[in-house]
Protein chains: 2
Amino acid sequence: MAYGLTIGQVAAFAGVTVKTVRHYHRLALVEEPERDSSGYRRYGSSDMVRLVQVRTLAGAGVPLAEIGGLLDAGPERFACALEDVERRLTDRIEELIARRAVLHRLAAGDRLLLPERACVALDRLAEFGFGAAYVAMQQEALVLARALVPEVFDRFLIQIERQLGDPEYVELLKRCQDAESWDLDDPRLGELARALSAKLLSHRELLAMPAEFRARPDAATRYGLINHHREDQAPAAARLNELLEANLRAAGVDIPHQ
Amino acid sequence: MAYGLTIGQVAAFAGVTVKTVRHYHRLALVEEPERDSSGYRRYGSSDMVRLVQVRTLAGAGVPLAEIGGLLDAGPERFACALEDVERRLTDRIEELIARRAVLHRLAAGDRLLLPERACVALDRLAEFGFGAAYVAMQQEALVLARALVPEVFDRFLIQIERQLGDPEYVELLKRCQDAESWDLDDPRLGELARALSAKLLSHRELLAMPAEFRARPDAATRYGLINHHREDQAPAAARLNELLEANLRAAGVDIPHQ
DNA sequence: CGTCCACCCTGACCTTGGGGCAGGGTCAAG
DNA sequence: CTTGACCCTGCCCCAAGGTCAGGGTGGACG
């Protein structure tokens, strides 16, 4: 029986695990004590003191990499460094609080990551009799729009609300939904495209595209992503959109290519 | 030039790094898209939607391991899980705030991890003319005491304050400090031990050891650690302590062994 | 005397959310 | 033809330890 505490004892006294003590040894935060005849580490009170100091700082959130320098430095640098650590901790707390706020908004009103107003618009779509798949697609388009051009998202919503407030436009939208199942060479596609472009051209407020959108780098790519979302799953809708864009371009409207 | 966005583009649009997108692929949070003829990943709008959803949740602090299940579950489980995440986040924030408070106390009054009152006592020691090494040793002993028997630390301090308030006892302490440099067989050691024990026995309030201390598991070990701290560096002090303990035990005081 | 259990040893791999680097292929422009 | 900006895979790295494997020790019990 040798003198000194075993690693399990110092660990228990300091309130850490054995593994943690060994970890501190590897990081040279606490010096390795002498070993007894069977190779066990035997700790004295000085080691305990050091271990308690390290654990106190670590428990307060000081990164282990800094603790060594901190404890071996003078009191003035010690205080200074502590202040620094405290500042960083405050930043982190504020960041977490911001995160929690985001989460809270998500949990409260947002349906799969959209703000309240967008959800209302989507609900109105459903009330108008649009199918779940169609509504889901529009929802995804909104998610895309919000991510790709956040600064015009609000105006985007206003436009959608205007469109939903126009019964004639809603009727046309319903035909668009039906069109998804039509053949690619169905003559109704051309008719519908014509009707849509006529409506849009005579009610330009339904069509306006903000300058900010155009000012963005990759505006065309962003536009394409939002506007041609899911077209791969509905070739007729793609065709319809293509015809519509051609009509609008022919009338002088500037629509990004691709 | 193939259709679809490259990984760099989706990453930029979603506000993450390329590396992060690939990381999400490896965790199966976002499906791997088709590759083009040169093996590049080509992303469509659906991938963008998914990526944005993942990033939004990840940015809010939801662990990546949970995001997959969350997005693929129904809205009710989604909301429920979000609440759970929010709760955990709140816990974490409170923990960090507590840490910051500890840090703040450390930075404010504590000299190398001791509360204000202990620092005052140590300062008084220095004012009484004790050497820096001696004061440092007492300080470490206090750190040890606080770690090993926190619930009696306050009474420990009271006792020290009492001792410092007794000029006769302070004089004896000073001789103890001097004694560190004496020879092991110096007859003054025995005299000093006798004087100390006489003083303590006639002023029991300087000596009392709380019942809580004794009630602790490993009380003897804890006592030894605190009381024999640094004795390895001052053999004469060890000898002095040994003599003192013998005197006290002979007078019926119960002192833990080892 | 043997056996059991708790403790100790080292070393290697796992976690989170990616970052960085090596080594090599591809694309578009000058 | 070269250059620079992308892309590919695969490997190792961070903090702060946790966990597991495989083996040695110490003290208590029968």
# chains A, B, ... in the order shown; residues from 1 in each chain; ligands from 1
$ closest_atom_pairs --of "chain B" --to "chain D" --cutoff "10 Å" --atoms "only C-alpha atoms (C1' of nucleotides)" --output "Markdown table"
| residue | atom | partner | partner_atom | distance |
| --- | --- | --- | --- | --- |
| B:Thr6 | CA | D:DC7 | C1' | 8.6 |
| B:Ile7 | CA | D:DC7 | C1' | 8.4 |
| B:Gly8 | CA | D:DC6 | C1' | 8.0 |
| B:Ser38 | CA | D:DC7 | C1' | 9.1 |
| B:Gly39 | CA | D:DC8 | C1' | 7.5 |
| B:Tyr40 | CA | D:DC7 | C1' | 6.3 |
| B:Arg41 | CA | D:DC7 | C1' | 8.7 |
$ write_last_selection --atoms "N, CA, C and O atoms" --output "PDB file, in the first residue's frame"
ATOM      1  N   THR B   6     -24.972  23.239 -59.962  1.00  0.00           N
ATOM      2  CA  THR B   6     -23.841  22.513 -59.399  1.00  0.00           C
ATOM      3  C   THR B   6     -23.889  22.645 -57.879  1.00  0.00           C
ATOM      4  O   THR B   6     -24.638  23.467 -57.331  1.00  0.00           O
ATOM      5  N   ILE B   7     -23.062  21.875 -57.245  1.00  0.00           N
ATOM      6  CA  ILE B   7     -23.076  21.862 -55.781  1.00  0.00           C
ATOM      7  C   ILE B   7     -22.704  23.234 -55.223  1.00  0.00           C
ATOM      8  O   ILE B   7     -23.237  23.677 -54.209  1.00  0.00           O
ATOM      9  N   GLY B   8     -21.787  23.918 -55.909  1.00  0.00           N
ATOM     10  CA  GLY B   8     -21.396  25.247 -55.450  1.00  0.00           C
ATOM     11  C   GLY B   8     -22.562  26.222 -55.506  1.00  0.00           C
ATOM     12  O   GLY B   8     -22.742  27.067 -54.616  1.00  0.00           O
ATOM     13  N   SER B  38     -19.762  14.270 -66.481  1.00  0.00           N
ATOM     14  CA  SER B  38     -18.421  14.313 -65.902  1.00  0.00           C
ATOM     15  C   SER B  38     -18.429  13.989 -64.408  1.00  0.00           C
ATOM     16  O   SER B  38     -17.450  14.224 -63.720  1.00  0.00           O
ATOM     17  N   GLY B  39     -19.543  13.465 -63.932  1.00  0.00           N
ATOM     18  CA  GLY B  39     -19.600  13.018 -62.553  1.00  0.00           C
ATOM     19  C   GLY B  39     -19.987  14.114 -61.572  1.00  0.00           C
ATOM     20  O   GLY B  39     -20.028  13.875 -60.366  1.00  0.00           O
ATOM     21  N   TYR B  40     -20.278  15.312 -62.056  1.00  0.00           N
ATOM     22  CA  TYR B  40     -20.703  16.392 -61.157  1.00  0.00           C
ATOM     23  C   TYR B  40     -22.135  16.146 -60.707  1.00  0.00           C
ATOM     24  O   TYR B  40     -22.980  15.690 -61.475  1.00  0.00           O
ATOM     25  N   ARG B  41     -22.419  16.506 -59.460  1.00  0.00           N
ATOM     26  CA  ARG B  41     -23.804  16.437 -58.982  1.00  0.00           C
ATOM     27  C   ARG B  41     -24.588  17.577 -59.625  1.00  0.00           C
ATOM     28  O   ARG B  41     -24.108  18.716 -59.671  1.00  0.00           O
TER      29      ARG B  41
END
$ interface_residues --of "chain C" --to "chain B" --cutoff "10 Å" --atoms "only C-alpha atoms (C1' of nucleotides)" --output "PDB file with all heavy atoms, in the first residue's frame"
ATOM      1  P    DT C  16     -23.272  12.319 -33.495  1.00  0.00           P
ATOM      2  OP1  DT C  16     -24.553  11.627 -33.689  1.00  0.00           O
ATOM      3  OP2  DT C  16     -22.354  12.520 -34.638  1.00  0.00           O
ATOM      4  O5'  DT C  16     -23.593  13.758 -32.909  1.00  0.00           O
ATOM      5  C5'  DT C  16     -22.637  14.504 -32.235  1.00  0.00           C
ATOM      6  C4'  DT C  16     -22.801  15.997 -32.500  1.00  0.00           C
ATOM      7  O4'  DT C  16     -21.526  16.613 -32.375  1.00  0.00           O
ATOM      8  C3'  DT C  16     -23.255  16.388 -33.900  1.00  0.00           C
ATOM      9  O3'  DT C  16     -23.787  17.697 -33.831  1.00  0.00           O
ATOM     10  C2'  DT C  16     -21.959  16.342 -34.674  1.00  0.00           C
ATOM     11  C1'  DT C  16     -20.963  16.858 -33.656  1.00  0.00           C
ATOM     12  N1   DT C  16     -19.652  16.178 -33.693  1.00  0.00           N
ATOM     13  C2   DT C  16     -18.574  16.847 -33.162  1.00  0.00           C
ATOM     14  O2   DT C  16     -18.637  17.961 -32.670  1.00  0.00           O
ATOM     15  N3   DT C  16     -17.407  16.149 -33.219  1.00  0.00           N
ATOM     16  C4   DT C  16     -17.209  14.887 -33.735  1.00  0.00           C
ATOM     17  O4   DT C  16     -16.111  14.376 -33.720  1.00  0.00           O
ATOM     18  C5   DT C  16     -18.392  14.234 -34.264  1.00  0.00           C
ATOM     19  C7   DT C  16     -18.277  12.868 -34.826  1.00  0.00           C
ATOM     20  C6   DT C  16     -19.529  14.910 -34.220  1.00  0.00           C
ATOM     21  P    DG C  17     -24.839  18.221 -34.860  1.00  0.00           P
ATOM     22  OP1  DG C  17     -25.757  19.159 -34.209  1.00  0.00           O
ATOM     23  OP2  DG C  17     -25.369  17.047 -35.594  1.00  0.00           O
ATOM     24  O5'  DG C  17     -23.903  19.039 -35.847  1.00  0.00           O
ATOM     25  C5'  DG C  17     -23.393  20.303 -35.412  1.00  0.00           C
ATOM     26  C4'  DG C  17     -22.343  20.776 -36.383  1.00  0.00           C
ATOM     27  O4'  DG C  17     -21.152  19.970 -36.236  1.00  0.00           O
ATOM     28  C3'  DG C  17     -22.725  20.680 -37.875  1.00  0.00           C
ATOM     29  O3'  DG C  17     -22.214  21.818 -38.547  1.00  0.00           O
ATOM     30  C2'  DG C  17     -21.990  19.438 -38.322  1.00  0.00           C
ATOM     31  C1'  DG C  17     -20.714  19.624 -37.535  1.00  0.00           C
ATOM     32  N9   DG C  17     -19.842  18.473 -37.432  1.00  0.00           N
ATOM     33  C8   DG C  17     -20.133  17.181 -37.771  1.00  0.00           C
ATOM     34  N7   DG C  17     -19.130  16.361 -37.588  1.00  0.00           N
ATOM     35  C5   DG C  17     -18.119  17.161 -37.095  1.00  0.00           C
ATOM     36  C6   DG C  17     -16.801  16.843 -36.712  1.00  0.00           C
ATOM     37  O6   DG C  17     -16.236  15.762 -36.720  1.00  0.00           O
ATOM     38  N1   DG C  17     -16.106  17.970 -36.259  1.00  0.00           N
ATOM     39  C2   DG C  17     -16.628  19.239 -36.200  1.00  0.00           C
ATOM     40  N2   DG C  17     -15.823  20.201 -35.740  1.00  0.00           N
ATOM     41  N3   DG C  17     -17.867  19.546 -36.554  1.00  0.00           N
ATOM     42  C4   DG C  17     -18.547  18.467 -36.989  1.00  0.00           C
ATOM     43  P    DG C  18     -22.817  22.262 -39.910  1.00  0.00           P
ATOM     44  OP1  DG C  18     -22.210  23.550 -40.287  1.00  0.00           O
ATOM     45  OP2  DG C  18     -24.264  22.138 -39.796  1.00  0.00           O
ATOM     46  O5'  DG C  18     -22.316  21.145 -40.945  1.00  0.00           O
ATOM     47  C5'  DG C  18     -21.275  21.409 -41.860  1.00  0.00           C
ATOM     48  C4'  DG C  18     -19.940  21.482 -41.136  1.00  0.00           C
ATOM     49  O4'  DG C  18     -19.564  20.188 -40.660  1.00  0.00           O
ATOM     50  C3'  DG C  18     -18.772  21.958 -41.991  1.00  0.00           C
ATOM     51  O3'  DG C  18     -18.442  23.291 -41.645  1.00  0.00           O
ATOM     52  C2'  DG C  18     -17.649  21.000 -41.697  1.00  0.00           C
ATOM     53  C1'  DG C  18     -18.166  20.195 -40.498  1.00  0.00           C
ATOM     54  N9   DG C  18     -17.634  18.848 -40.494  1.00  0.00           N
ATOM     55  C8   DG C  18     -18.284  17.711 -40.872  1.00  0.00           C
ATOM     56  N7   DG C  18     -17.549  16.642 -40.751  1.00  0.00           N
ATOM     57  C5   DG C  18     -16.348  17.099 -40.259  1.00  0.00           C
ATOM     58  C6   DG C  18     -15.154  16.416 -39.911  1.00  0.00           C
ATOM     59  O6   DG C  18     -14.922  15.213 -40.005  1.00  0.00           O
ATOM     60  N1   DG C  18     -14.177  17.263 -39.434  1.00  0.00           N
ATOM     61  C2   DG C  18     -14.323  18.623 -39.305  1.00  0.00           C
ATOM     62  N2   DG C  18     -13.267  19.299 -38.827  1.00  0.00           N
ATOM     63  N3   DG C  18     -15.424  19.281 -39.608  1.00  0.00           N
ATOM     64  C4   DG C  18     -16.388  18.463 -40.084  1.00  0.00           C
ATOM     65  P    DG C  19     -17.523  24.139 -42.638  1.00  0.00           P
ATOM     66  OP1  DG C  19     -17.765  25.572 -42.354  1.00  0.00           O
ATOM     67  OP2  DG C  19     -17.747  23.612 -43.979  1.00  0.00           O
ATOM     68  O5'  DG C  19     -16.026  23.782 -42.206  1.00  0.00           O
ATOM     69  C5'  DG C  19     -15.497  24.324 -41.011  1.00  0.00           C
ATOM     70  C4'  DG C  19     -13.981  24.237 -41.044  1.00  0.00           C
ATOM     71  O4'  DG C  19     -13.572  22.858 -40.905  1.00  0.00           O
ATOM     72  C3'  DG C  19     -13.320  24.739 -42.321  1.00  0.00           C
ATOM     73  O3'  DG C  19     -12.113  25.392 -41.959  1.00  0.00           O
ATOM     74  C2'  DG C  19     -13.074  23.463 -43.125  1.00  0.00           C
ATOM     75  C1'  DG C  19     -12.800  22.445 -42.017  1.00  0.00           C
ATOM     76  N9   DG C  19     -13.221  21.085 -42.338  1.00  0.00           N
ATOM     77  C8   DG C  19     -14.453  20.693 -42.784  1.00  0.00           C
ATOM     78  N7   DG C  19     -14.559  19.400 -42.952  1.00  0.00           N
ATOM     79  C5   DG C  19     -13.313  18.913 -42.600  1.00  0.00           C
ATOM     80  C6   DG C  19     -12.824  17.595 -42.588  1.00  0.00           C
ATOM     81  O6   DG C  19     -13.417  16.555 -42.892  1.00  0.00           O
ATOM     82  N1   DG C  19     -11.493  17.536 -42.166  1.00  0.00           N
ATOM     83  C2   DG C  19     -10.746  18.621 -41.809  1.00  0.00           C
ATOM     84  N2   DG C  19      -9.487  18.400 -41.417  1.00  0.00           N
ATOM     85  N3   DG C  19     -11.198  19.873 -41.809  1.00  0.00           N
ATOM     86  C4   DG C  19     -12.474  19.939 -42.221  1.00  0.00           C
ATOM     87  P    DG C  25      -6.405  12.719 -63.381  1.00  0.00           P
ATOM     88  OP1  DG C  25      -6.364  11.373 -63.981  1.00  0.00           O
ATOM     89  OP2  DG C  25      -5.407  13.742 -63.750  1.00  0.00           O
ATOM     90  O5'  DG C  25      -7.857  13.318 -63.623  1.00  0.00           O
ATOM     91  C5'  DG C  25      -9.001  12.532 -63.271  1.00  0.00           C
ATOM     92  C4'  DG C  25     -10.240  13.385 -63.442  1.00  0.00           C
ATOM     93  O4'  DG C  25     -10.136  14.531 -62.561  1.00  0.00           O
ATOM     94  C3'  DG C  25     -10.449  13.943 -64.851  1.00  0.00           C
ATOM     95  O3'  DG C  25     -11.813  13.796 -65.215  1.00  0.00           O
ATOM     96  C2'  DG C  25     -10.056  15.414 -64.722  1.00  0.00           C
ATOM     97  C1'  DG C  25     -10.454  15.705 -63.279  1.00  0.00           C
ATOM     98  N9   DG C  25      -9.733  16.806 -62.656  1.00  0.00           N
ATOM     99  C8   DG C  25      -8.386  16.879 -62.364  1.00  0.00           C
ATOM    100  N7   DG C  25      -8.034  18.004 -61.799  1.00  0.00           N
ATOM    101  C5   DG C  25      -9.214  18.720 -61.717  1.00  0.00           C
ATOM    102  C6   DG C  25      -9.469  20.017 -61.203  1.00  0.00           C
ATOM    103  O6   DG C  25      -8.664  20.810 -60.696  1.00  0.00           O
ATOM    104  N1   DG C  25     -10.815  20.374 -61.311  1.00  0.00           N
ATOM    105  C2   DG C  25     -11.783  19.559 -61.853  1.00  0.00           C
ATOM    106  N2   DG C  25     -13.014  20.058 -61.885  1.00  0.00           N
ATOM    107  N3   DG C  25     -11.568  18.352 -62.336  1.00  0.00           N
ATOM    108  C4   DG C  25     -10.268  17.995 -62.239  1.00  0.00           C
ATOM    109  P    DT C  26     -12.283  14.234 -66.666  1.00  0.00           P
ATOM    110  OP1  DT C  26     -13.428  13.363 -67.003  1.00  0.00           O
ATOM    111  OP2  DT C  26     -11.093  14.302 -67.556  1.00  0.00           O
ATOM    112  O5'  DT C  26     -12.826  15.692 -66.426  1.00  0.00           O
ATOM    113  C5'  DT C  26     -13.853  15.916 -65.477  1.00  0.00           C
ATOM    114  C4'  DT C  26     -14.462  17.291 -65.683  1.00  0.00           C
ATOM    115  O4'  DT C  26     -13.658  18.288 -65.017  1.00  0.00           O
ATOM    116  C3'  DT C  26     -14.585  17.744 -67.134  1.00  0.00           C
ATOM    117  O3'  DT C  26     -15.844  18.357 -67.268  1.00  0.00           O
ATOM    118  C2'  DT C  26     -13.447  18.744 -67.282  1.00  0.00           C
ATOM    119  C1'  DT C  26     -13.409  19.350 -65.891  1.00  0.00           C
ATOM    120  N1   DT C  26     -12.125  19.943 -65.443  1.00  0.00           N
ATOM    121  C2   DT C  26     -12.123  21.199 -64.866  1.00  0.00           C
ATOM    122  O2   DT C  26     -13.121  21.853 -64.719  1.00  0.00           O
ATOM    123  N3   DT C  26     -10.894  21.646 -64.466  1.00  0.00           N
ATOM    124  C4   DT C  26      -9.688  20.984 -64.575  1.00  0.00           C
ATOM    125  O4   DT C  26      -8.648  21.478 -64.178  1.00  0.00           O
ATOM    126  C5   DT C  26      -9.762  19.675 -65.195  1.00  0.00           C
ATOM    127  C7   DT C  26      -8.516  18.872 -65.362  1.00  0.00           C
ATOM    128  C6   DT C  26     -10.964  19.212 -65.584  1.00  0.00           C
ATOM    129  P    DC C  27     -16.464  18.669 -68.740  1.00  0.00           P
ATOM    130  OP1  DC C  27     -17.803  18.043 -68.765  1.00  0.00           O
ATOM    131  OP2  DC C  27     -15.472  18.351 -69.787  1.00  0.00           O
ATOM    132  O5'  DC C  27     -16.660  20.237 -68.665  1.00  0.00           O
ATOM    133  C5'  DC C  27     -17.008  20.837 -67.411  1.00  0.00           C
ATOM    134  C4'  DC C  27     -16.900  22.354 -67.507  1.00  0.00           C
ATOM    135  O4'  DC C  27     -15.608  22.768 -67.011  1.00  0.00           O
ATOM    136  C3'  DC C  27     -17.025  22.930 -68.905  1.00  0.00           C
ATOM    137  O3'  DC C  27     -17.879  24.052 -68.847  1.00  0.00           O
ATOM    138  C2'  DC C  27     -15.604  23.287 -69.288  1.00  0.00           C
ATOM    139  C1'  DC C  27     -15.003  23.637 -67.932  1.00  0.00           C
ATOM    140  N1   DC C  27     -13.545  23.418 -67.806  1.00  0.00           N
ATOM    141  C2   DC C  27     -12.758  24.342 -67.110  1.00  0.00           C
ATOM    142  O2   DC C  27     -13.299  25.345 -66.628  1.00  0.00           O
ATOM    143  N3   DC C  27     -11.431  24.115 -66.983  1.00  0.00           N
ATOM    144  C4   DC C  27     -10.884  23.024 -67.513  1.00  0.00           C
ATOM    145  N4   DC C  27      -9.575  22.828 -67.348  1.00  0.00           N
ATOM    146  C5   DC C  27     -11.658  22.073 -68.224  1.00  0.00           C
ATOM    147  C6   DC C  27     -12.975  22.303 -68.350  1.00  0.00           C
TER     148       DC C  27
END
$ interface_residues --of "chain A" --to "chain B" --cutoff "7 Å" --atoms "only C-alpha atoms" --output "count of residues only"
30
$ atom_distance --atom1 "atom C1' of C:DC8" --atom2 "atom CA of A:Arg26"
17.1 Å
$ residues_around --residues "A:Glu212" --least-positions-apart "2" --cutoff "12 Å" --atoms "only C-alpha atoms (C1' of nucleotides)" --output "list in words"
Leu148, Val149, Pro150, Glu151, Val152, Phe153, Arg155, Phe156, Ala208, Met209, Pro210, Arg214, Ala215, Arg216, Pro217, Asp218 and Ala219 of chain A
$ residues_around --residues "B:Val170" --least-positions-apart "4" --cutoff "12 Å" --atoms "only C-alpha atoms (C1' of nucleotides)" --output "list in words"
Arg124, Leu125, Ala126, Glu127, Phe128, Gly129, Phe130, Ile160, Glu161, Arg162, Gln163, Leu164, Gly165, Asp166, Lys174, Arg175, Cys176, Gln177, Leu196, Lys199 and Leu206 of chain B
$ write_last_selection --atoms "N, CA and C atoms" --output "PDB file, in the first residue's frame"
ATOM      1  N   ARG B 124      -4.828  39.251   5.206  1.00  0.00           N
ATOM      2  CA  ARG B 124      -4.445  39.556   6.591  1.00  0.00           C
ATOM      3  C   ARG B 124      -3.193  38.789   6.970  1.00  0.00           C
ATOM      4  N   LEU B 125      -3.098  37.554   6.527  1.00  0.00           N
ATOM      5  CA  LEU B 125      -1.883  36.780   6.774  1.00  0.00           C
ATOM      6  C   LEU B 125      -0.670  37.540   6.261  1.00  0.00           C
ATOM      7  N   ALA B 126      -0.798  38.041   5.029  1.00  0.00           N
ATOM      8  CA  ALA B 126       0.329  38.762   4.429  1.00  0.00           C
ATOM      9  C   ALA B 126       0.644  40.011   5.252  1.00  0.00           C
ATOM     10  N   GLU B 127      -0.410  40.696   5.708  1.00  0.00           N
ATOM     11  CA  GLU B 127      -0.186  41.907   6.510  1.00  0.00           C
ATOM     12  C   GLU B 127       0.519  41.586   7.824  1.00  0.00           C
ATOM     13  N   PHE B 128       0.222  40.415   8.354  1.00  0.00           N
ATOM     14  CA  PHE B 128       0.859  40.018   9.604  1.00  0.00           C
ATOM     15  C   PHE B 128       2.338  39.716   9.404  1.00  0.00           C
ATOM     16  N   GLY B 129       2.765  39.723   8.148  1.00  0.00           N
ATOM     17  CA  GLY B 129       4.184  39.522   7.903  1.00  0.00           C
ATOM     18  C   GLY B 129       4.562  38.111   7.481  1.00  0.00           C
ATOM     19  N   PHE B 130       3.559  37.296   7.158  1.00  0.00           N
ATOM     20  CA  PHE B 130       3.888  35.948   6.677  1.00  0.00           C
ATOM     21  C   PHE B 130       4.434  36.043   5.260  1.00  0.00           C
ATOM     22  N   ILE B 160     -10.646  30.176  10.941  1.00  0.00           N
ATOM     23  CA  ILE B 160      -9.410  30.866  10.565  1.00  0.00           C
ATOM     24  C   ILE B 160      -9.478  32.324  11.001  1.00  0.00           C
ATOM     25  N   GLU B 161     -10.638  32.933  10.796  1.00  0.00           N
ATOM     26  CA  GLU B 161     -10.778  34.338  11.194  1.00  0.00           C
ATOM     27  C   GLU B 161     -10.587  34.487  12.709  1.00  0.00           C
ATOM     28  N   ARG B 162     -11.143  33.521  13.427  1.00  0.00           N
ATOM     29  CA  ARG B 162     -10.960  33.540  14.885  1.00  0.00           C
ATOM     30  C   ARG B 162      -9.495  33.442  15.246  1.00  0.00           C
ATOM     31  N   GLN B 163      -8.814  32.507  14.573  1.00  0.00           N
ATOM     32  CA  GLN B 163      -7.393  32.311  14.874  1.00  0.00           C
ATOM     33  C   GLN B 163      -6.614  33.589  14.610  1.00  0.00           C
ATOM     34  N   LEU B 164      -6.946  34.265  13.509  1.00  0.00           N
ATOM     35  CA  LEU B 164      -6.223  35.481  13.158  1.00  0.00           C
ATOM     36  C   LEU B 164      -6.566  36.626  14.106  1.00  0.00           C
ATOM     37  N   GLY B 165      -7.690  36.482  14.785  1.00  0.00           N
ATOM     38  CA  GLY B 165      -8.078  37.523  15.734  1.00  0.00           C
ATOM     39  C   GLY B 165      -7.410  37.344  17.092  1.00  0.00           C
ATOM     40  N   ASP B 166      -6.683  36.290  17.253  1.00  0.00           N
ATOM     41  CA  ASP B 166      -6.019  35.990  18.531  1.00  0.00           C
ATOM     42  C   ASP B 166      -4.513  36.213  18.362  1.00  0.00           C
ATOM     43  N   LYS B 174       3.481  32.225  13.433  1.00  0.00           N
ATOM     44  CA  LYS B 174       4.715  32.754  12.857  1.00  0.00           C
ATOM     45  C   LYS B 174       5.896  31.847  13.177  1.00  0.00           C
ATOM     46  N   ARG B 175       5.892  31.335  14.404  1.00  0.00           N
ATOM     47  CA  ARG B 175       6.967  30.406  14.754  1.00  0.00           C
ATOM     48  C   ARG B 175       6.860  29.147  13.908  1.00  0.00           C
ATOM     49  N   CYS B 176       5.627  28.753  13.588  1.00  0.00           N
ATOM     50  CA  CYS B 176       5.452  27.589  12.714  1.00  0.00           C
ATOM     51  C   CYS B 176       6.081  27.855  11.350  1.00  0.00           C
ATOM     52  N   GLN B 177       5.872  29.068  10.864  1.00  0.00           N
ATOM     53  CA  GLN B 177       6.465  29.420   9.580  1.00  0.00           C
ATOM     54  C   GLN B 177       7.992  29.320   9.658  1.00  0.00           C
ATOM     55  N   LEU B 196       1.638  24.999  21.087  1.00  0.00           N
ATOM     56  CA  LEU B 196       0.451  24.999  20.208  1.00  0.00           C
ATOM     57  C   LEU B 196      -0.669  24.176  20.824  1.00  0.00           C
ATOM     58  N   LYS B 199      -2.247  25.880  23.737  1.00  0.00           N
ATOM     59  CA  LYS B 199      -3.123  26.978  23.310  1.00  0.00           C
ATOM     60  C   LYS B 199      -4.451  26.439  22.784  1.00  0.00           C
ATOM     61  N   LEU B 206     -10.879  27.205  18.789  1.00  0.00           N
ATOM     62  CA  LEU B 206      -9.931  27.280  17.670  1.00  0.00           C
ATOM     63  C   LEU B 206      -9.718  25.917  17.022  1.00  0.00           C
TER      64      LEU B 206
END
